[in-house]
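Please read the structure below before turning to the comments.
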Amino acid sequence: MIRSIMSLGRGTLEALSALGRAAVFLAQSVLAVPSREGWHLWLRQMHFIGVMSLAIVLVSGLFIGMVLGLQGFTILVGFGAEDALGQMVALSLLRELGPVVTALLFAGRAGSALTAEIGLMKATEQLTSMEMIGVDPLRRIVAPRLWAGFVSMPLLTVGFSVVGIWGGYLVGVQWLGVFDGSYWSNMQSNVAFVDDILNGMLKSVVFGLVVTWIAVFQGYDLIPTSEGISRATTRTVVYSSLAVLGLDFVLTALMFGELG
Amino acid sequence: MKRSKMMEFGVGLFVLAGILGMVFLGLRVSGLSFGMPQDTFTLQANFSNIGGLKSGSRVAMAGVTVGRVSDITLDTKWLDAQVTMEVDESLEGKIPRDSTAAILTSGLLGEQYVGLSVGGAPEMLEDGDTIRDTQQALVLEELIQQFVSNMSGN
């Protein structure tokens, strides 16, 4: 009895201290003063996290847009409302699928790699050696990665949405014969720039921060063994996916629900 | 060094593509246009029923979009809907005072908009004026109810 209460208390304390460590870690890395070479480190991470993720994000966006076009058409044609296809494809991509699917792909493609990379640095004691020679690993290793994830996520989301809308156009207009003009004009009259596009971008900024934060922190905080690295990599993908989906509900309720 | 230049180029291209994508979303998908707010003037109209008219719905004249609905409030004096419209400035002083405003529907299930039909009076509407002659929205349920009660009357 007493033992189970003790283990509950220990679990709570551990969870709280991990949360506290993660918050301090985030604040220290983001606020780290950028050095002259920091720009180059950031650029290299932008290349790895952003540019290299572009292919998987764009291909997924194309297929999701095409599926939306196909599914939307078969449903809307039953109401004789296939002209609303453009609006349906654009709104579902901009508000939901763009930010969420990009974040999930990003967690799998870039997040796991970040955790493994930093984890291996920790396991081979590179981080400790850096501290020894007076280089702050938070500033040199962690901060460029955080900023790169933060900046590249909205850019990837824009790419996803644009390609998806084009995919919907390809299937709906070119293949299934929705009228070209009504696809675009219906979209234009029903998509609002601030309410739909900027809110979707805001979502992706939040997801970018959360996913990179989780990935980098899991790498930095893991137990430095090969098993620890594999566990941490798995945790990164699981935690980021859950965080993205949960936050998506909260953000949607605030932005598009009647609560806001 | 060569490799680092390539990388910079790649990242630059990536950021540029993101910005271009954003511009595409703004212009092509949401139909954003610049410089709208200043060159309009305000007209008002009271309707006994606005149906599904929303703030942001379009205002059309002879089928051409000339403005947008900017605000809809309930007029507490007459208990009807007061619709404020922002109309293109080039039309200020050119719409006759006895013009009619009607709430119309584009297509059978399309969205609702305000249609202005031109009258013949010599006086013209100025900024802030109210259109007196209005026609309420066609509510499908009322129409069906009327039709049914006429049928049962026969």
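Please note that chains go A, B, ... in the order of the structure tokens, that every chain numbers its residues from 1, and that ligands are numbered from 1 in the order shown.
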
Within 9 Å of chain B: each chain A residue with its shortest pair, only C-alpha atoms, as a Markdown table:
| residue | atom | partner | partner_atom | distance |
| --- | --- | --- | --- | --- |
| A:His40 | CA | B:Ser4 | CA | 8.8 |
| A:Leu43 | CA | B:Glu8 | CA | 6.8 |
| A:Arg44 | CA | B:Met7 | CA | 7.1 |
| A:Met46 | CA | B:Val11 | CA | 6.5 |
| A:His47 | CA | B:Val11 | CA | 5.7 |
| A:Gly50 | CA | B:Phe14 | CA | 7.7 |
| A:Val51 | CA | B:Phe14 | CA | 6.2 |
| A:Leu54 | CA | B:Phe14 | CA | 8.4 |
| A:Ala81 | CA | B:Leu109 | CA | 8.5 |
| A:Gln87 | CA | B:Val29 | CA | 8.9 |
| A:Ala90 | CA | B:Val29 | CA | 7.5 |
| A:Ser152 | CA | B:Val15 | CA | 8.1 |
| A:Pro154 | CA | B:Gly18 | CA | 8.1 |
| A:Leu155 | CA | B:Gly18 | CA | 4.7 |
| A:Leu156 | CA | B:Gly18 | CA | 7.2 |
| A:Thr157 | CA | B:Gly18 | CA | 8.6 |
| A:Val158 | CA | B:Gly21 | CA | 5.9 |
| A:Gly159 | CA | B:Gly21 | CA | 6.3 |
| A:Ser161 | CA | B:Leu25 | CA | 8.5 |
| A:Val162 | CA | B:Gly21 | CA | 6.4 |
| A:Ile165 | CA | B:Val29 | CA | 8.8 |
| A:Trp184 | CA | B:Val29 | CA | 7.1 |
| A:Ser185 | CA | B:Gly31 | CA | 8.3 |
| A:Met187 | CA | B:Val29 | CA | 6.0 |
| A:Gln188 | CA | B:Ser30 | CA | 4.5 |
| A:Ser189 | CA | B:Ser30 | CA | 6.9 |
| A:Asn190 | CA | B:Ser30 | CA | 7.3 |
| A:Val191 | CA | B:Ser30 | CA | 4.8 |
| A:Ala192 | CA | B:Ser30 | CA | 5.4 |
| A:Phe193 | CA | B:Ser30 | CA | 5.5 |
| A:Asp196 | CA | B:Ser30 | CA | 8.6 |
| A:Ile197 | CA | B:Leu25 | CA | 7.5 |

Spatial neighbours of B:Ser117, max dist 10 Å, only C-alpha atoms, sep filter under 5 positions, as a PyMOL selection string: chain B and resi 60-63+95-96+98-102

Stretch 201-217 of chain A surroundings by only C-alpha atoms, 6 Å radius, close-in-sequence under 2 positions cut, as a list in words: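 That gives Pro99, Gly111, Thr115, Leu146, Gly149, Phe150, Met153, Pro154, Leu198, Asn199, Gly219, Tyr220, Asp221, Thr236 and Ser240 of chain A.
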
Export of the given selection (C-alpha atoms) as an mmCIF file, in the first residue's frame:
data_model
loop_
_atom_site.group_PDB
_atom_site.id
_atom_site.type_symbol
_atom_site.label_atom_id
_atom_site.label_comp_id
_atom_site.auth_asym_id
_atom_site.auth_seq_id
_atom_site.Cartn_x
_atom_site.Cartn_y
_atom_site.Cartn_z
ATOM 1 C CA PRO A 99 -0.477 21.401 -40.963
ATOM 2 C CA GLY A 111 12.373 14.370 -35.712
ATOM 3 C CA THR A 115 16.948 12.447 -31.721
ATOM 4 C CA LEU A 146 15.338 24.113 -33.043
ATOM 5 C CA GLY A 149 12.587 23.112 -37.467
ATOM 6 C CA PHE A 150 10.646 26.151 -36.380
ATOM 7 C CA MET A 153 7.664 23.633 -40.847
ATOM 8 C CA PRO A 154 5.454 26.519 -42.122
ATOM 9 C CA LEU A 198 -3.024 32.374 -41.622
ATOM 10 C CA ASN A 199 -4.706 30.278 -38.937
ATOM 11 C CA GLY A 219 17.969 13.198 -27.819
ATOM 12 C CA TYR A 220 19.556 15.405 -25.199
ATOM 13 C CA ASP A 221 17.920 13.733 -22.207
ATOM 14 C CA THR A 236 10.059 11.086 -30.250
ATOM 15 C CA SER A 240 5.236 14.180 -31.324
#

Selection near B:Leu104, 10 Å with only C-alpha atoms, sequence-local residues under 4 positions removed, as a ChimeraX atom specification: /B:50-51,53,59-60,110-116,135-138

Just write the chosen residues, N, CA and C atoms, as a PDB file, in the first residue's frame.
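Just written: again04.pdb:
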ATOM      1  N   ILE B  50     -33.080  38.535 -43.809  1.00  0.00           N
ATOM      2  CA  ILE B  50     -31.883  38.477 -44.636  1.00  0.00           C
ATOM      3  C   ILE B  50     -31.537  37.055 -45.042  1.00  0.00           C
ATOM      4  N   GLY B  51     -32.301  36.065 -44.588  1.00  0.00           N
ATOM      5  CA  GLY B  51     -31.997  34.687 -44.960  1.00  0.00           C
ATOM      6  C   GLY B  51     -30.595  34.305 -44.528  1.00  0.00           C
ATOM      7  N   LEU B  53     -27.691  35.689 -45.585  1.00  0.00           N
ATOM      8  CA  LEU B  53     -26.686  36.706 -45.923  1.00  0.00           C
ATOM      9  C   LEU B  53     -25.668  36.827 -44.787  1.00  0.00           C
ATOM     10  N   VAL B  59     -21.993  42.309 -53.093  1.00  0.00           N
ATOM     11  CA  VAL B  59     -23.049  43.205 -53.542  1.00  0.00           C
ATOM     12  C   VAL B  59     -22.881  43.323 -55.048  1.00  0.00           C
ATOM     13  N   ALA B  60     -23.949  43.051 -55.804  1.00  0.00           N
ATOM     14  CA  ALA B  60     -23.814  43.019 -57.258  1.00  0.00           C
ATOM     15  C   ALA B  60     -24.801  43.969 -57.905  1.00  0.00           C
ATOM     16  N   GLY B 110     -26.828  28.049 -54.049  1.00  0.00           N
ATOM     17  CA  GLY B 110     -25.626  28.858 -53.909  1.00  0.00           C
ATOM     18  C   GLY B 110     -25.731  29.833 -52.752  1.00  0.00           C
ATOM     19  N   GLU B 111     -24.708  30.677 -52.640  1.00  0.00           N
ATOM     20  CA  GLU B 111     -24.695  31.628 -51.551  1.00  0.00           C
ATOM     21  C   GLU B 111     -25.575  32.832 -51.878  1.00  0.00           C
ATOM     22  N   GLN B 112     -25.939  33.580 -50.847  1.00  0.00           N
ATOM     23  CA  GLN B 112     -26.823  34.716 -51.061  1.00  0.00           C
ATOM     24  C   GLN B 112     -26.042  36.003 -51.193  1.00  0.00           C
ATOM     25  N   TYR B 113     -26.564  36.917 -51.994  1.00  0.00           N
ATOM     26  CA  TYR B 113     -25.888  38.189 -52.199  1.00  0.00           C
ATOM     27  C   TYR B 113     -26.922  39.288 -52.345  1.00  0.00           C
ATOM     28  N   VAL B 114     -26.466  40.546 -52.249  1.00  0.00           N
ATOM     29  CA  VAL B 114     -27.368  41.680 -52.399  1.00  0.00           C
ATOM     30  C   VAL B 114     -27.303  42.141 -53.846  1.00  0.00           C
ATOM     31  N   GLY B 115     -28.450  42.183 -54.502  1.00  0.00           N
ATOM     32  CA  GLY B 115     -28.499  42.668 -55.875  1.00  0.00           C
ATOM     33  C   GLY B 115     -29.130  44.053 -55.904  1.00  0.00           C
ATOM     34  N   LEU B 116     -28.453  45.019 -56.529  1.00  0.00           N
ATOM     35  CA  LEU B 116     -29.005  46.367 -56.638  1.00  0.00           C
ATOM     36  C   LEU B 116     -29.604  46.528 -58.029  1.00  0.00           C
ATOM     37  N   GLN B 135     -36.131  44.239 -50.859  1.00  0.00           N
ATOM     38  CA  GLN B 135     -36.888  43.003 -51.040  1.00  0.00           C
ATOM     39  C   GLN B 135     -36.182  41.930 -50.242  1.00  0.00           C
ATOM     40  N   GLN B 136     -36.921  41.266 -49.350  1.00  0.00           N
ATOM     41  CA  GLN B 136     -36.290  40.328 -48.431  1.00  0.00           C
ATOM     42  C   GLN B 136     -35.835  39.057 -49.133  1.00  0.00           C
ATOM     43  N   ALA B 137     -35.057  38.259 -48.407  1.00  0.00           N
ATOM     44  CA  ALA B 137     -34.549  37.020 -48.987  1.00  0.00           C
ATOM     45  C   ALA B 137     -35.684  36.036 -49.210  1.00  0.00           C
ATOM     46  N   LEU B 138     -35.511  35.241 -50.229  1.00  0.00           N
ATOM     47  CA  LEU B 138     -36.471  34.192 -50.527  1.00  0.00           C
ATOM     48  C   LEU B 138     -36.148  33.014 -49.627  1.00  0.00           C
TER      49      LEU B 138
END

Strand (DSSP E or B) call set, DSSP backbone run, stretch 43-91 of chain B, as an MDAnalysis selection string: chainID B and resid 43:47 58:61 64:75 80:88

Which of stretch 120-177 of chain A DSSP labels alpha helix (DSSP H), written as a ChimeraX atom specification: /A:120-123,126-132,137,143-169

Could you write out that same residue set with C-alpha atoms as a JSON list (two decimals), in the first residue's frame?
[["chain", "number", "residue", "atom", "x", "y", "z"],
["A", 120, "LEU", "CA", 24.66, 9.41, -30.43],
["A", 121, "MET", "CA", 26.59, 12.59, -29.71],
["A", 122, "LYS", "CA", 25.67, 12.17, -26.07],
["A", 123, "ALA", "CA", 26.48, 8.44, -26.01],
["A", 126, "GLN", "CA", 30.84, 14.55, -27.74],
["A", 127, "LEU", "CA", 28.52, 16.84, -25.82],
["A", 128, "THR", "CA", 30.58, 16.50, -22.65],
["A", 129, "SER", "CA", 33.82, 17.16, -24.54],
["A", 130, "MET", "CA", 32.28, 20.30, -26.01],
["A", 131, "GLU", "CA", 31.49, 21.56, -22.55],
["A", 132, "MET", "CA", 35.06, 20.75, -21.50],
["A", 137, "PRO", "CA", 26.34, 22.45, -26.73],
["A", 143, "ALA", "CA", 19.67, 25.99, -31.00],
["A", 144, "PRO", "CA", 20.33, 25.75, -34.79],
["A", 145, "ARG", "CA", 18.22, 22.59, -34.99],
["A", 146, "LEU", "CA", 15.34, 24.11, -33.04],
["A", 147, "TRP", "CA", 15.29, 27.25, -35.17],
["A", 148, "ALA", "CA", 15.59, 25.27, -38.39],
["A", 149, "GLY", "CA", 12.59, 23.11, -37.47],
["A", 150, "PHE", "CA", 10.65, 26.15, -36.38],
["A", 151, "VAL", "CA", 11.24, 27.96, -39.68],
["A", 152, "SER", "CA", 10.97, 25.07, -42.09],
["A", 153, "MET", "CA", 7.66, 23.63, -40.85],
["A", 154, "PRO", "CA", 5.45, 26.52, -42.12],
["A", 155, "LEU", "CA", 7.34, 26.50, -45.42],
["A", 156, "LEU", "CA", 6.79, 22.76, -45.81],
["A", 157, "THR", "CA", 3.11, 23.21, -44.93],
["A", 158, "VAL", "CA", 2.69, 25.85, -47.63],
["A", 159, "GLY", "CA", 4.26, 23.46, -50.13],
["A", 160, "PHE", "CA", 1.99, 20.65, -49.01],
["A", 161, "SER", "CA", -1.17, 22.74, -49.38],
["A", 162, "VAL", "CA", -0.22, 24.19, -52.75],
["A", 163, "VAL", "CA", 0.65, 20.81, -54.23],
["A", 164, "GLY", "CA", -2.48, 19.29, -52.67],
["A", 165, "ILE", "CA", -4.74, 21.92, -54.21],
["A", 166, "TRP", "CA", -3.06, 21.27, -57.52],
["A", 167, "GLY", "CA", -3.59, 17.52, -57.06],
["A", 168, "GLY", "CA", -7.28, 18.12, -56.40],
["A", 169, "TYR", "CA", -7.41, 20.23, -59.54]]

Residue with smallest distance to A:Val238 - pool A:Ser112, A:Thr225, A:Ser182, A:Thr102, counting only C-alpha atoms: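 Ranked by minimum distance to A:Val238, first place goes to A:Ser112.
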
Exercise: B:Leu74 partners within 12 Å, only C-alpha atoms, chain neighbours under 4 positions left out, as a ChimeraX atom specification: /B:45-50,78-84

Just to be explicit: take each residue in the selection above, keep C-alpha atoms, and write the result as a PDB file, in the first residue's frame.
ATOM      1  CA  ALA B  45     -30.531  49.003 -46.383  1.00  0.00           C
ATOM      2  CA  ASN B  46     -33.092  47.479 -44.050  1.00  0.00           C
ATOM      3  CA  PHE B  47     -34.474  44.040 -44.831  1.00  0.00           C
ATOM      4  CA  SER B  48     -37.298  42.257 -43.037  1.00  0.00           C
ATOM      5  CA  ASN B  49     -35.462  38.964 -43.502  1.00  0.00           C
ATOM      6  CA  ILE B  50     -31.883  38.477 -44.636  1.00  0.00           C
ATOM      7  CA  TRP B  78     -38.015  48.600 -36.420  1.00  0.00           C
ATOM      8  CA  LEU B  79     -36.864  45.107 -35.444  1.00  0.00           C
ATOM      9  CA  ASP B  80     -35.524  44.340 -38.868  1.00  0.00           C
ATOM     10  CA  ALA B  81     -32.033  43.681 -40.200  1.00  0.00           C
ATOM     11  CA  GLN B  82     -29.830  46.647 -40.991  1.00  0.00           C
ATOM     12  CA  VAL B  83     -27.272  45.745 -43.647  1.00  0.00           C
ATOM     13  CA  THR B  84     -24.258  48.011 -44.201  1.00  0.00           C
TER      14      THR B  84
END

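Picture a line from atom CA of A:Gln45 to atom CA of A:Arg140; it runs 11.5 Å.
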
Atomic separation - atom CA of A:Ile64 relative to atom CA of A:Val100, Å: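 Rounded to one decimal, the two atoms are 12.2 Å apart.
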
Pairwise distance for atom CA of A:Gly61 and atom CA of A:Arg95, rounded to one decimal in Å: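 Going from atom CA of A:Gly61 over to atom CA of A:Arg95, I get 13.9 Å.
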